[in-house]
Amino acid sequence: MISKQFDWKNTSEVIENQQLNLFVSANNLVFFSKNESKDLILLTDFNTNSVENWYNLEFEPDEIDTINQFISEKSISKIFVSNVPYSLVPSNLFNKDSIENYLTTSRKINSNFTPKYQFIEDLNLYLVYDAPTKTNLIPELSNSEETHWLASFLPFLQKNSIEDCNIYAVIVNRTLSIIVFQQEKLLFVNDFEIKDSIDALYFILLVYQELHQNPSNIPLSLIGQISEDSEIVNHLKRYIATVKIENNLYDTNPELSFYSYLLNL
């Protein structure tokens, strides 16, 4: 595991009993919060070297001590889970006794994961996902509220989908999530692992093609760790007429925008 340097004692905005949030993705833990002025602070990563390390839940004792030191005297408000197998099930088809079956095509049975579900009222859907038990290694997190990040993010996008067809690409670390709403109805959602900008371009154009949407007419909205001058954007603009960057909260640091969205959900 590689940990970014963070000096808790010398950071004036870190106060005792600071309420934190945690984003758990395929290869890192991200702690973040807001200060009294509602500014986003404490964007602190604990990165693993690979997805495999995350699935194996391999933390060295000193690494667990480091994480526990960071969250000591602070409360964890919410844990956002990402990069796990998930499935969306219409409410009239959902059976809580069959949640294992909803994940059979997208998961491998692993004792380090526990299937959970959430009801998304705005969409009348259940989101079934495999929750990692890695957070159970940290005692202070055992009583925190846990949610799949899409459970809140999908209703947020639905409310902002005013066009006939709205295509969103959310990029966080090596994960590309493509979400499509048509007349406020969820038409498509899926995650893709990407290595570079060409991977992102391929998957986005593939979704346009499979959904029979014309990139000359239907704009693409980008959210997450991406900036206007990035290589991905330059590639996309060659094939899609309108590419919009939605990171308007923190133009100079797109990584901050994604977590700020989560805080406002």
# chains A, B, ... in the order shown; residues from 1 in each chain; ligands from 1

$ residues_around --residues "Phe181 in chain A" --least-positions-apart "3" --cutoff "8 Å" --atoms "only C-alpha atoms" --output "list in words"
Gln158, Ser161, Cys165, Asn166, Ile167, Glu184, Lys185, Leu186, Leu187 and Phe188 of chain A

$ residues_around --residues "Leu211 in chain A" --least-positions-apart "3" --cutoff "10 Å" --atoms "only C-alpha atoms" --output "NGL selection string"
:A and (180 or 187-188 or 205-208 or 214)

$ write_last_selection --atoms "all heavy atoms" --output "compact mmCIF listing (two decimals), in the first residue's frame"
# COMPACT_ATOMS: atom_id res chain seq x y z
N VAL A 180 -26.96 6.72 -18.36
CA VAL A 180 -27.78 7.33 -19.40
C VAL A 180 -29.22 7.43 -18.92
O VAL A 180 -29.81 6.44 -18.46
CB VAL A 180 -27.74 6.52 -20.71
CG1 VAL A 180 -28.57 7.22 -21.80
CG2 VAL A 180 -26.30 6.32 -21.18
N LEU A 187 -31.85 4.58 -18.45
CA LEU A 187 -31.75 3.70 -19.62
C LEU A 187 -30.56 2.76 -19.54
O LEU A 187 -30.62 1.62 -20.01
CB LEU A 187 -31.64 4.57 -20.88
CG LEU A 187 -31.68 3.87 -22.24
CD1 LEU A 187 -33.03 3.18 -22.45
CD2 LEU A 187 -31.42 4.88 -23.36
N PHE A 188 -29.47 3.23 -18.90
CA PHE A 188 -28.25 2.42 -18.89
C PHE A 188 -27.36 2.88 -17.74
O PHE A 188 -27.25 4.07 -17.47
CB PHE A 188 -27.50 2.59 -20.22
CG PHE A 188 -26.19 1.85 -20.30
CD1 PHE A 188 -26.16 0.55 -20.78
CD2 PHE A 188 -25.00 2.46 -19.91
CE1 PHE A 188 -24.95 -0.14 -20.87
CE2 PHE A 188 -23.79 1.77 -20.00
CZ PHE A 188 -23.77 0.47 -20.48
N LEU A 205 -17.96 5.59 -26.68
CA LEU A 205 -18.50 5.50 -28.04
C LEU A 205 -19.28 4.21 -28.24
O LEU A 205 -20.27 4.18 -28.99
CB LEU A 205 -17.36 5.59 -29.06
CG LEU A 205 -16.68 6.96 -29.18
CD1 LEU A 205 -15.58 6.91 -30.23
CD2 LEU A 205 -17.70 8.04 -29.54
N LEU A 206 -18.87 3.14 -27.55
CA LEU A 206 -19.60 1.88 -27.64
C LEU A 206 -21.01 2.03 -27.08
O LEU A 206 -21.97 1.51 -27.66
CB LEU A 206 -18.84 0.78 -26.88
CG LEU A 206 -19.48 -0.61 -26.88
CD1 LEU A 206 -19.55 -1.17 -28.31
CD2 LEU A 206 -18.69 -1.57 -25.98
N VAL A 207 -21.15 2.76 -25.97
CA VAL A 207 -22.47 2.98 -25.39
C VAL A 207 -23.33 3.82 -26.34
O VAL A 207 -24.52 3.53 -26.54
CB VAL A 207 -22.35 3.66 -24.01
CG1 VAL A 207 -23.72 4.12 -23.51
CG2 VAL A 207 -21.72 2.69 -23.01
N TYR A 208 -22.76 4.84 -26.94
CA TYR A 208 -23.50 5.62 -27.94
C TYR A 208 -24.02 4.70 -29.05
O TYR A 208 -25.18 4.80 -29.46
CB TYR A 208 -22.58 6.69 -28.57
CG TYR A 208 -22.61 8.02 -27.87
CD1 TYR A 208 -21.72 8.31 -26.83
CD2 TYR A 208 -23.49 9.02 -28.27
CE1 TYR A 208 -21.73 9.55 -26.21
CE2 TYR A 208 -23.50 10.27 -27.65
CZ TYR A 208 -22.62 10.52 -26.62
OH TYR A 208 -22.63 11.75 -26.00
N ASN A 214 -26.77 9.39 -31.48
CA ASN A 214 -25.85 10.05 -32.41
C ASN A 214 -24.94 11.02 -31.65
O ASN A 214 -25.42 12.00 -31.08
CB ASN A 214 -26.65 10.81 -33.46
CG ASN A 214 -25.78 11.36 -34.57
OD1 ASN A 214 -24.56 11.45 -34.44
ND2 ASN A 214 -26.40 11.73 -35.68

$ residues_around --residues "Phe80 in chain A" --least-positions-apart "5" --cutoff "10 Å" --atoms "only C-alpha atoms" --output "PyMOL selection string"
chain A and resi 21-25+29-30+145-152+262

$ write_last_selection --atoms "N, CA and C atoms" --output "mmCIF file, in the first residue's frame"
data_model
loop_
_atom_site.group_PDB
_atom_site.id
_atom_site.type_symbol
_atom_site.label_atom_id
_atom_site.label_comp_id
_atom_site.auth_asym_id
_atom_site.auth_seq_id
_atom_site.Cartn_x
_atom_site.Cartn_y
_atom_site.Cartn_z
ATOM 1 N N ASN A 21 -16.077 11.634 6.020
ATOM 2 C CA ASN A 21 -16.731 10.682 5.132
ATOM 3 C C ASN A 21 -15.647 9.839 4.491
ATOM 4 N N LEU A 22 -16.008 8.630 4.095
ATOM 5 C CA LEU A 22 -15.036 7.711 3.521
ATOM 6 C C LEU A 22 -15.551 7.176 2.200
ATOM 7 N N PHE A 23 -14.714 7.280 1.165
ATOM 8 C CA PHE A 23 -15.029 6.706 -0.136
ATOM 9 C C PHE A 23 -14.144 5.482 -0.319
ATOM 10 N N VAL A 24 -14.748 4.302 -0.434
ATOM 11 C CA VAL A 24 -14.025 3.043 -0.586
ATOM 12 C C VAL A 24 -14.124 2.615 -2.039
ATOM 13 N N SER A 25 -12.994 2.632 -2.756
ATOM 14 C CA SER A 25 -13.003 2.224 -4.154
ATOM 15 C C SER A 25 -12.115 1.004 -4.336
ATOM 16 N N LEU A 29 -8.682 4.182 -0.226
ATOM 17 C CA LEU A 29 -9.604 4.754 0.751
ATOM 18 C C LEU A 29 -9.416 6.265 0.696
ATOM 19 N N VAL A 30 -10.494 7.013 0.623
ATOM 20 C CA VAL A 30 -10.399 8.469 0.580
ATOM 21 C C VAL A 30 -11.239 9.040 1.714
ATOM 22 N N GLU A 145 -22.802 4.773 8.722
ATOM 23 C CA GLU A 145 -23.787 4.520 7.669
ATOM 24 C C GLU A 145 -23.064 4.177 6.377
ATOM 25 N N GLU A 146 -23.497 3.103 5.729
ATOM 26 C CA GLU A 146 -22.865 2.691 4.483
ATOM 27 C C GLU A 146 -23.849 2.791 3.335
ATOM 28 N N THR A 147 -23.365 3.251 2.183
ATOM 29 C CA THR A 147 -24.222 3.357 1.011
ATOM 30 C C THR A 147 -23.388 3.147 -0.244
ATOM 31 N N HIS A 148 -23.978 2.545 -1.247
ATOM 32 C CA HIS A 148 -23.329 2.512 -2.547
ATOM 33 C C HIS A 148 -23.442 3.905 -3.145
ATOM 34 N N TRP A 149 -22.368 4.434 -3.704
ATOM 35 C CA TRP A 149 -22.368 5.827 -4.159
ATOM 36 C C TRP A 149 -23.441 6.092 -5.211
ATOM 37 N N LEU A 150 -23.797 5.086 -6.007
ATOM 38 C CA LEU A 150 -24.808 5.272 -7.044
ATOM 39 C C LEU A 150 -26.210 5.435 -6.469
ATOM 40 N N ALA A 151 -26.438 4.918 -5.267
ATOM 41 C CA ALA A 151 -27.776 4.987 -4.679
ATOM 42 C C ALA A 151 -28.223 6.431 -4.488
ATOM 43 N N SER A 152 -27.282 7.322 -4.225
ATOM 44 C CA SER A 152 -27.602 8.746 -4.096
ATOM 45 C C SER A 152 -27.326 9.513 -5.377
ATOM 46 N N LEU A 262 -20.592 14.294 -3.647
ATOM 47 C CA LEU A 262 -21.043 13.283 -2.683
ATOM 48 C C LEU A 262 -21.490 13.929 -1.380
#

$ residues_around --residues "Leu88 in chain A" --least-positions-apart "4" --cutoff "8 Å" --atoms "only C-alpha atoms" --output "list of chain:residue names"
A:Leu125, A:Tyr126, A:Leu127, A:Val128

$ write_last_selection --atoms "all heavy atoms" --output "tab-separated table (two decimals), in the first residue's frame"
chain	number	residue	atom	x	y	z
A	125	LEU	N	-36.28	1.45	-7.82
A	125	LEU	CA	-35.37	0.34	-8.06
A	125	LEU	C	-34.64	-0.04	-6.77
A	125	LEU	O	-34.46	0.80	-5.89
A	125	LEU	CB	-34.32	0.71	-9.10
A	125	LEU	CG	-34.76	1.00	-10.53
A	125	LEU	CD1	-33.59	1.58	-11.32
A	125	LEU	CD2	-35.29	-0.27	-11.20
A	126	TYR	N	-34.23	-1.29	-6.70
A	126	TYR	CA	-33.34	-1.74	-5.64
A	126	TYR	C	-31.94	-1.89	-6.21
A	126	TYR	O	-31.75	-2.46	-7.29
A	126	TYR	CB	-33.80	-3.08	-5.05
A	126	TYR	CG	-34.92	-2.94	-4.05
A	126	TYR	CD1	-36.24	-2.98	-4.47
A	126	TYR	CD2	-34.66	-2.80	-2.70
A	126	TYR	CE1	-37.29	-2.86	-3.57
A	126	TYR	CE2	-35.70	-2.67	-1.78
A	126	TYR	CZ	-37.01	-2.70	-2.22
A	126	TYR	OH	-38.04	-2.57	-1.30
A	127	LEU	N	-30.95	-1.36	-5.49
A	127	LEU	CA	-29.57	-1.54	-5.87
A	127	LEU	C	-28.98	-2.61	-4.96
A	127	LEU	O	-28.88	-2.42	-3.75
A	127	LEU	CB	-28.80	-0.23	-5.75
A	127	LEU	CG	-27.40	-0.17	-6.38
A	127	LEU	CD1	-27.02	1.26	-6.72
A	127	LEU	CD2	-26.33	-0.79	-5.49
A	128	VAL	N	-28.60	-3.73	-5.55
A	128	VAL	CA	-28.00	-4.85	-4.81
A	128	VAL	C	-26.50	-4.82	-5.08
A	128	VAL	O	-26.08	-4.73	-6.24
A	128	VAL	CB	-28.59	-6.19	-5.24
A	128	VAL	CG1	-28.01	-7.32	-4.41
A	128	VAL	CG2	-30.11	-6.17	-5.12

$ select_by_dssp --residues "range 118-258 of chain A" --states "strand (DSSP E)" --output "ChimeraX atom specification"
/A:118-120,125-132,145-148,165-172,175-182,185-193,220-224,243-245

$ atom_distance --atom1 "CA of Thr242 in chain A" --atom2 "CA of Glu163 in chain A"
13.3 Å
